[in-house]
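The structure appears right after this line, and notes come after that.
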Amino acid sequence: MQKDDKTESRCIQPVSRRRFVQGLAVGGAVAALDWKGLPAFGESAPHTPPLLSGKHFDLTIDSLPVNYTGRRSVATAVNGSVPGPILRWKEGDSITIAVTNRLKEPTSIHWHAIRLPADMDGVPGLSFPGIAPGETFLYKFPVVQNGTAWYHSHSRFQEQIGLVGAIIIEPRGKDPIEFDREYVVFLSDWTDTNPETLFSNLKQQSNYYNYHRLTLPNFISEAKRNGLGRTISNRFMWAKMNMSPTDILDVTGTTYTYLLNGNNPATNWTGLFKSGERVRLRFINGSSMTAFDVRIPGLPMTVVQADGNDTEPVQVDEFRIAVAETYDVIVQPQDATAYTIFAQSQDRSGYARGTLAPRMGMTAAVPAMDPVPMRPMSDMGMDMGNMKGMKMEGMSGMDMSGVDGMTKKDMPAAGNGSGMNMDHSSMEGMDMNHMDMNSNSAMQEKQSGDHAHQMMGGMEMGSRDGTTPFPQPGPNTMPIMSMSMPEMKKAEATLKPSNPVKLHTGPQVDNVAMHVTNRLNDPGIGLENNGRRVLTYADLRARYRGVDGRPPTREIELHLSGNMERFIWGFNGEKFSSAEPIEMKLGERIRIVLVNDTMMEHPIHLHGLWSELENGHGAFNPYKHTISVKPAERMSYLVSADTPGHWAFHCHLLYHMEAGMFRTVVVS
């Protein structure tokens with residue numbers, strides 16, 4: 001029997017600070033009485049998380065009364081704010097962060113995408129013991145990167161109930177991205193349901209929160225469009241897979257309220273601008289389970305950074321941001337009018353909303369949500385002949401086998417399990433005239449094993465043996481080439497792929513895709529052919545050349561697997577509880593191949609190391625920390641194992657991670 005979440009609430013603990021922030025359309029007066037005459041967080045003016053900057057930070061984690069829906073609840077807040085304070089750091093500084101736990105349970109903070117020593121990463125039971133009630137833990141590490149990042153708890157479901165926040169890291173020198181003002185746009189999903197109850201509901205009935213069910217009118221409409229026989233066949237196959245084509249997200253707007261900077265849609269967070277200004281919006285998806293499709297009607301966006309790493313500017317009308325990803329965009333409003341920041345959930349069950357305006361109080365129309373998307377048969381790994389809406393330009397080197405019009409000659413050489421043609425004889429994108437080497441002797445010194453993180457005429461380099469981590473690509477970084485061109489080609493040709501993974505259906509695997517393909521050109525379900533320019537992974541080209549120019553020496557193939565009906569998730573058909581760690585040797589260069597055998601998207605996050613997405617841009621492949629894998633997709637990325645320690649590797653859908661899609665990566 002499922003629990004009635006209306007009768008179960010989280011224990012409310014004393015709060016040292018009460019903030020009178022964030023308006024709500026309903027429930028304010030009643031909630032104020034419920035909290036002994038004091039408004040709960042979420043019942044006043046629009047809220048913007050406070051900004052903290054410097055080299056030392058004091059953060060307190062405590063419970064906080066909130067009301068986002070007209071019903072009282074309790075969040076886990078940082079310094080009395082949900083999301084927590086925006087932390088502003090400076091590249092090159094060494095910082096300390098004292099985190100005090102005022103909860104009655106252990107807590108933690110993980111610094112998402114931050115390169116740091118493993119014992120500072122903040123994963124209880126893996127890299128440190130966690131922060132016990134009443135205790136203070138001192139995080140201390142150097143800041144060796146710049147860009148947009150974020151932080152969140154890695155303790156059970158605390159991330160779901162508010163323990164999240166943004167990080168802005170200023171570059172050491174002049175920021176190459178020009179802007180006049182900036183705002184963090186932090187997206188999250190809130191539920192009044194106890195997360196333990198929510199998880200239990202999913203375990204007992206995986207489509208518990210899916211109210212978009214197929215009906216008789218849907219069947220009749222589909223039969224008229226596709227024919228009765230094909231419609232019956234499609235319905236039969238979906239039923240056999242225990243799936244519905246409307247199963248887009250596990251948790252939906254039936255229980256979620258979508259927030260922007262901690263404000264519900266009725267509150268309408270507002271950022272100000274002056275006409276003609278270049279405004280930088282740092283989008284962070286700090287939700288637990290929701291991918292958002294983001295657009296600003298009437299205002300083009302230029303994407304300039306992905307996951308904290310600068311990219312070549314690309315102008316779009318819309319982009320999908322998976323859980324844990326970040327995108328920085330530049331907008332330049334010319335008219336003294338208001339614009340709506342519109343972030344609809346991938347399943348169209350709700351949206352977060354804010355406003356850009358010349359002055360407070362101005363609003364713009366909120367667009368209607370797009371139609372509810374329906375998963376195609378290709379998401380089951382079938383019917384791959386119908387690949388509509390796929391942009392093909394600029395994708396030389398991509399494995400498009402299985403797509404109409406492609407022949408065997410377009411497929412990668414045997415033994416290359418990445419799904420990409422990595423023929424380094426042409427070294428596409430490796431324009432050696434722009435490597436800005438100071439001298440051949442300097443390069444030889446590097447290749448002979450100089451272990452220092454040296455500055456050579458202002459150029460930063462890491463060490464290929466892992467003694468020193470490779471720096472984030474930037475205007476002052478120098479790529480290393482540990483081999484000549486013929487040697488690199490030979491190394492790639494003799495690369496030993498990992499043993500193919502053979503999955504079989506059973507208690508932990510309910511589907512194995514019959515056909516997988518590269519879908520980097522695909523904007524994602526619900527975004528195809530919508531009349532707007534939509535960002536794809538294929539559009540992301542790094543602004544700066546990658547630092548580690550070595551080819552990989554081995555591959556690790558991982559299948560994303562699960563049993564939807566049982567709500568069990570894992571890698572290679574194994575849950576975390578029964579899986580062995582993934583071993584990497586310090587200094588090793590590895591290709592990770594991900595194959596999604598499930599019918600849901602999975603944002604995969606590797607702690608501690610960069611993930612260099614192989615999307616056809618060669619030396620300018622983008623650096624990311626979270627990579628979203630579509631159903632029936634095969635993709636790959638390169639990893640330099642340059643920092644020792646035990647690192648978490650997991651799906652960033654919170655309930656998928658808790659249900660088993662988690663591994664430990666050991667670099668030693």
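A note on labels: chains of the structure tokens are A, B, ... as shown, every chain counts residues from 1, and ligands are counted from 1 in their shown order.
The neighbours of Pro644 in chain A here are the residues that come within 12 Å of it, using only C-alpha atoms and leaving out any residue fewer than 2 positions away in the same chain; they are Arg115, Leu116, Pro117, Ala118, Asp119, Ser127, Asp465, Gly466, Thr467, Thr468, Pro469, Glu583, Met584, Lys585, Leu586, Gly587, Glu588, His607, Gly608, Leu609, Ser640, Ala641, Asp642, His646, Trp647, Val665, Val666, Val667 and Ser668 of chain A.
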Write the residues of the selection above to a file with N, CA and C atoms, as a CSV table (one decimal), in the first residue's frame.
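The result, written out as out_39.csv:
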```csv
chain,number,residue,atom,x,y,z
A,115,ARG,N,37.5,21.0,-9.9
A,115,ARG,CA,38.8,20.1,-9.9
A,115,ARG,C,39.5,20.4,-8.6
A,116,LEU,N,39.5,19.4,-7.7
A,116,LEU,CA,40.1,19.5,-6.4
A,116,LEU,C,40.6,18.2,-5.9
A,117,PRO,N,41.3,18.1,-4.8
A,117,PRO,CA,41.7,16.8,-4.2
A,117,PRO,C,40.4,16.0,-3.8
A,118,ALA,N,40.6,14.7,-4.0
A,118,ALA,CA,39.4,13.8,-3.8
A,118,ALA,C,38.8,13.9,-2.4
A,119,ASP,N,39.6,14.2,-1.4
A,119,ASP,CA,39.1,14.2,0.0
A,119,ASP,C,38.3,15.5,0.2
A,127,SER,N,34.7,9.7,-0.4
A,127,SER,CA,35.8,10.6,-0.3
A,127,SER,C,36.0,11.3,1.1
A,465,ASP,N,52.2,12.2,-17.1
A,465,ASP,CA,52.2,11.0,-16.2
A,465,ASP,C,51.3,11.2,-15.0
A,466,GLY,N,50.5,12.3,-15.0
A,466,GLY,CA,49.5,12.4,-13.9
A,466,GLY,C,50.0,13.1,-12.7
A,467,THR,N,51.3,13.4,-12.6
A,467,THR,CA,51.8,14.0,-11.4
A,467,THR,C,51.2,15.4,-11.2
A,468,THR,N,50.9,16.1,-12.2
A,468,THR,CA,50.2,17.4,-12.2
A,468,THR,C,49.0,17.3,-13.0
A,469,PRO,N,47.8,17.7,-12.5
A,469,PRO,CA,46.6,17.7,-13.4
A,469,PRO,C,46.7,18.7,-14.5
A,583,GLU,N,38.6,0.9,-12.6
A,583,GLU,CA,40.0,1.2,-12.2
A,583,GLU,C,40.6,2.0,-13.4
A,584,MET,N,41.3,3.1,-13.0
A,584,MET,CA,42.1,3.8,-13.9
A,584,MET,C,43.5,4.1,-13.4
A,585,LYS,N,44.5,4.0,-14.2
A,585,LYS,CA,45.8,4.3,-13.8
A,585,LYS,C,46.1,5.8,-13.9
A,586,LEU,N,46.8,6.3,-12.9
A,586,LEU,CA,47.1,7.7,-12.9
A,586,LEU,C,47.9,8.1,-14.1
A,587,GLY,N,47.5,9.1,-14.8
A,587,GLY,CA,48.2,9.5,-16.1
A,587,GLY,C,47.6,8.9,-17.3
A,588,GLU,N,46.7,7.9,-17.2
A,588,GLU,CA,46.2,7.2,-18.3
A,588,GLU,C,45.2,8.1,-19.1
A,607,HIS,N,32.9,12.6,-11.4
A,607,HIS,CA,33.5,13.6,-10.5
A,607,HIS,C,35.0,13.7,-10.8
A,608,GLY,N,35.5,14.9,-10.5
A,608,GLY,CA,37.0,15.0,-10.4
A,608,GLY,C,37.8,15.1,-11.7
A,609,LEU,N,37.2,14.7,-12.8
A,609,LEU,CA,37.9,14.7,-14.1
A,609,LEU,C,37.1,15.3,-15.2
A,640,SER,N,41.3,12.2,-19.1
A,640,SER,CA,42.6,12.1,-18.7
A,640,SER,C,42.6,11.8,-17.2
A,641,ALA,N,43.1,10.7,-16.8
A,641,ALA,CA,43.0,10.3,-15.3
A,641,ALA,C,44.2,11.0,-14.6
A,642,ASP,N,44.0,12.3,-14.4
A,642,ASP,CA,45.2,13.1,-13.9
A,642,ASP,C,45.1,13.5,-12.5
A,646,HIS,N,39.3,8.3,-5.1
A,646,HIS,CA,38.0,7.6,-5.4
A,646,HIS,C,37.0,8.7,-5.8
A,647,TRP,N,36.5,8.5,-7.0
A,647,TRP,CA,35.5,9.4,-7.6
A,647,TRP,C,34.2,8.8,-7.9
A,665,VAL,N,34.9,5.3,-9.4
A,665,VAL,CA,36.1,5.3,-10.3
A,665,VAL,C,37.3,5.5,-9.4
A,666,VAL,N,38.2,4.6,-9.5
A,666,VAL,CA,39.4,4.7,-8.6
A,666,VAL,C,40.6,5.0,-9.6
A,667,VAL,N,41.2,6.2,-9.3
A,667,VAL,CA,42.4,6.6,-10.1
A,667,VAL,C,43.6,6.4,-9.1
A,668,SER,N,44.5,5.5,-9.5
A,668,SER,CA,45.7,5.2,-8.6
A,668,SER,C,46.9,4.9,-9.4
```
* Quick one: pick out all strand (DSSP E) residues within range 456-579 of chain A from a backbone DSSP run and write them as a list in words. =>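 Matching residues, listed in order: Met456, Met459, Glu460, Arg554, Glu555, Ile556, Glu557, Leu558, His559, Leu560, Ser561, Gly562, Asn563, Ile568, Trp569, Gly570 and Phe571 of chain A.
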Selected residues written out with C-alpha atoms, as a PDB file, in the first residue's frame:
```
ATOM      1  CA  MET A 456      56.420  28.918 -20.051  1.00  0.00           C
ATOM      2  CA  MET A 459      51.639  29.157 -21.122  1.00  0.00           C
ATOM      3  CA  GLU A 460      50.319  26.565 -18.662  1.00  0.00           C
ATOM      4  CA  ARG A 554      42.119   1.814 -23.953  1.00  0.00           C
ATOM      5  CA  GLU A 555      38.358   1.969 -23.928  1.00  0.00           C
ATOM      6  CA  ILE A 556      35.767   1.340 -21.259  1.00  0.00           C
ATOM      7  CA  GLU A 557      32.303   0.498 -22.575  1.00  0.00           C
ATOM      8  CA  LEU A 558      29.390   1.068 -20.247  1.00  0.00           C
ATOM      9  CA  HIS A 559      25.758   0.326 -20.996  1.00  0.00           C
ATOM     10  CA  LEU A 560      23.130   2.393 -19.239  1.00  0.00           C
ATOM     11  CA  SER A 561      20.631  -0.187 -18.104  1.00  0.00           C
ATOM     12  CA  GLY A 562      17.510  -0.516 -16.036  1.00  0.00           C
ATOM     13  CA  ASN A 563      14.210  -2.178 -15.322  1.00  0.00           C
ATOM     14  CA  ILE A 568      16.060  -0.434 -10.908  1.00  0.00           C
ATOM     15  CA  TRP A 569      18.907   1.383 -12.655  1.00  0.00           C
ATOM     16  CA  GLY A 570      22.566   0.597 -13.219  1.00  0.00           C
ATOM     17  CA  PHE A 571      25.555   0.262 -15.507  1.00  0.00           C
TER      18      PHE A 571
END
```
Check which residues of range 318-344 of chain A sit at most 10 Å from range 280-287 of chain A using only C-alpha atoms, and return one row each with the closest pair of atoms and their distance in Å to one decimal, ordered by chain and rising number, as JSON lines.
```
{"residue": "A:Ile321", "atom": "CA", "partner": "A:Asn285", "partner_atom": "CA", "distance": 6.6}
{"residue": "A:Ala322", "atom": "CA", "partner": "A:Asn285", "partner_atom": "CA", "distance": 6.7}
{"residue": "A:Val323", "atom": "CA", "partner": "A:Asn285", "partner_atom": "CA", "distance": 5.3}
{"residue": "A:Ala324", "atom": "CA", "partner": "A:Asn285", "partner_atom": "CA", "distance": 5.2}
{"residue": "A:Glu325", "atom": "CA", "partner": "A:Asn285", "partner_atom": "CA", "distance": 5.8}
{"residue": "A:Thr326", "atom": "CA", "partner": "A:Ile284", "partner_atom": "CA", "distance": 4.5}
{"residue": "A:Tyr327", "atom": "CA", "partner": "A:Phe283", "partner_atom": "CA", "distance": 5.2}
{"residue": "A:Asp328", "atom": "CA", "partner": "A:Arg282", "partner_atom": "CA", "distance": 4.5}
{"residue": "A:Val329", "atom": "CA", "partner": "A:Leu281", "partner_atom": "CA", "distance": 5.4}
{"residue": "A:Ile330", "atom": "CA", "partner": "A:Arg280", "partner_atom": "CA", "distance": 4.7}
{"residue": "A:Val331", "atom": "CA", "partner": "A:Arg280", "partner_atom": "CA", "distance": 6.6}
{"residue": "A:Gln332", "atom": "CA", "partner": "A:Arg280", "partner_atom": "CA", "distance": 8.9}
```
Restricting it to N, CA and C atoms, dump the selection as a compact mmCIF listing (two decimals), in the first residue's frame.
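For reference, selection-v4.txt as written:
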```txt
# COMPACT_ATOMS: atom_id res chain seq x y z
N ILE A 321 18.54 21.84 -21.32
CA ILE A 321 19.56 21.75 -20.28
C ILE A 321 19.21 20.56 -19.39
N ALA A 322 20.04 19.54 -19.44
CA ALA A 322 19.82 18.35 -18.65
C ALA A 322 20.14 18.63 -17.19
N VAL A 323 19.70 17.75 -16.32
CA VAL A 323 20.01 17.89 -14.90
C VAL A 323 21.52 17.97 -14.72
N ALA A 324 21.97 18.97 -13.99
CA ALA A 324 23.37 19.21 -13.59
C ALA A 324 24.17 19.97 -14.63
N GLU A 325 23.67 20.15 -15.84
CA GLU A 325 24.40 20.93 -16.83
C GLU A 325 24.32 22.43 -16.53
N THR A 326 25.25 23.17 -17.11
CA THR A 326 25.20 24.64 -17.08
C THR A 326 25.45 25.16 -18.48
N TYR A 327 24.76 26.23 -18.83
CA TYR A 327 25.00 26.95 -20.09
C TYR A 327 25.02 28.44 -19.80
N ASP A 328 26.04 29.12 -20.29
CA ASP A 328 26.09 30.58 -20.23
C ASP A 328 25.69 31.13 -21.59
N VAL A 329 24.78 32.10 -21.59
CA VAL A 329 24.36 32.71 -22.84
C VAL A 329 24.45 34.22 -22.72
N ILE A 330 24.63 34.87 -23.85
CA ILE A 330 24.60 36.33 -23.93
C ILE A 330 23.33 36.74 -24.67
N VAL A 331 22.59 37.67 -24.08
CA VAL A 331 21.45 38.28 -24.76
C VAL A 331 21.68 39.78 -24.79
N GLN A 332 21.12 40.42 -25.80
CA GLN A 332 21.33 41.86 -25.95
C GLN A 332 20.01 42.52 -26.33
```
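If you measure from each of A:Asn615, A:Ser188, A:Thr363, A:Ser73 to Gly262 in chain A using only C-alpha atoms, the closest one turns out to be A:Ser188.
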Which residue out of A:Asn226, A:Ser628, A:Thr340, A:Thr505 has the minimum interatomic distance to Glu574 in chain A when only C-alpha atoms are used?
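Closest residue, counting only C-alpha atoms: A:Thr505.
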Between A:Ser577, A:Thr69, A:Ser206, A:Ser155, smallest distance to Met564 in chain A by only C-alpha atoms belongs to A:Ser206
* To do: With a distance cut-off of 7 Å and only C-alpha atoms, select the neighbouring residues of range 160-174 of chain A, excluding the residue or stretch itself and same-chain residues fewer than 5 positions from it, and output the selection as a list in words.
  => Ala75, Thr76, Ala77, Val78, Val82, Pro83, Gly84, Pro85, Ile86, Leu87, Arg88, Trp89, Lys90, Glu91, Gly92, Asn146, Gly147, Thr148, Ala149, Trp150, Tyr151, His152, Ser153, Trp190, Gly286 and Ser288 of chain A
Fill in: Distance query range 346-351 of chain A at most 9 Å, only C-alpha atoms, self and fewer than 3 positions along chain excluded, as a PyMOL selection string
chain A and resi 211-212+246-249+252-254+256-259+265+290-293+320+342-343+369-373+525-526
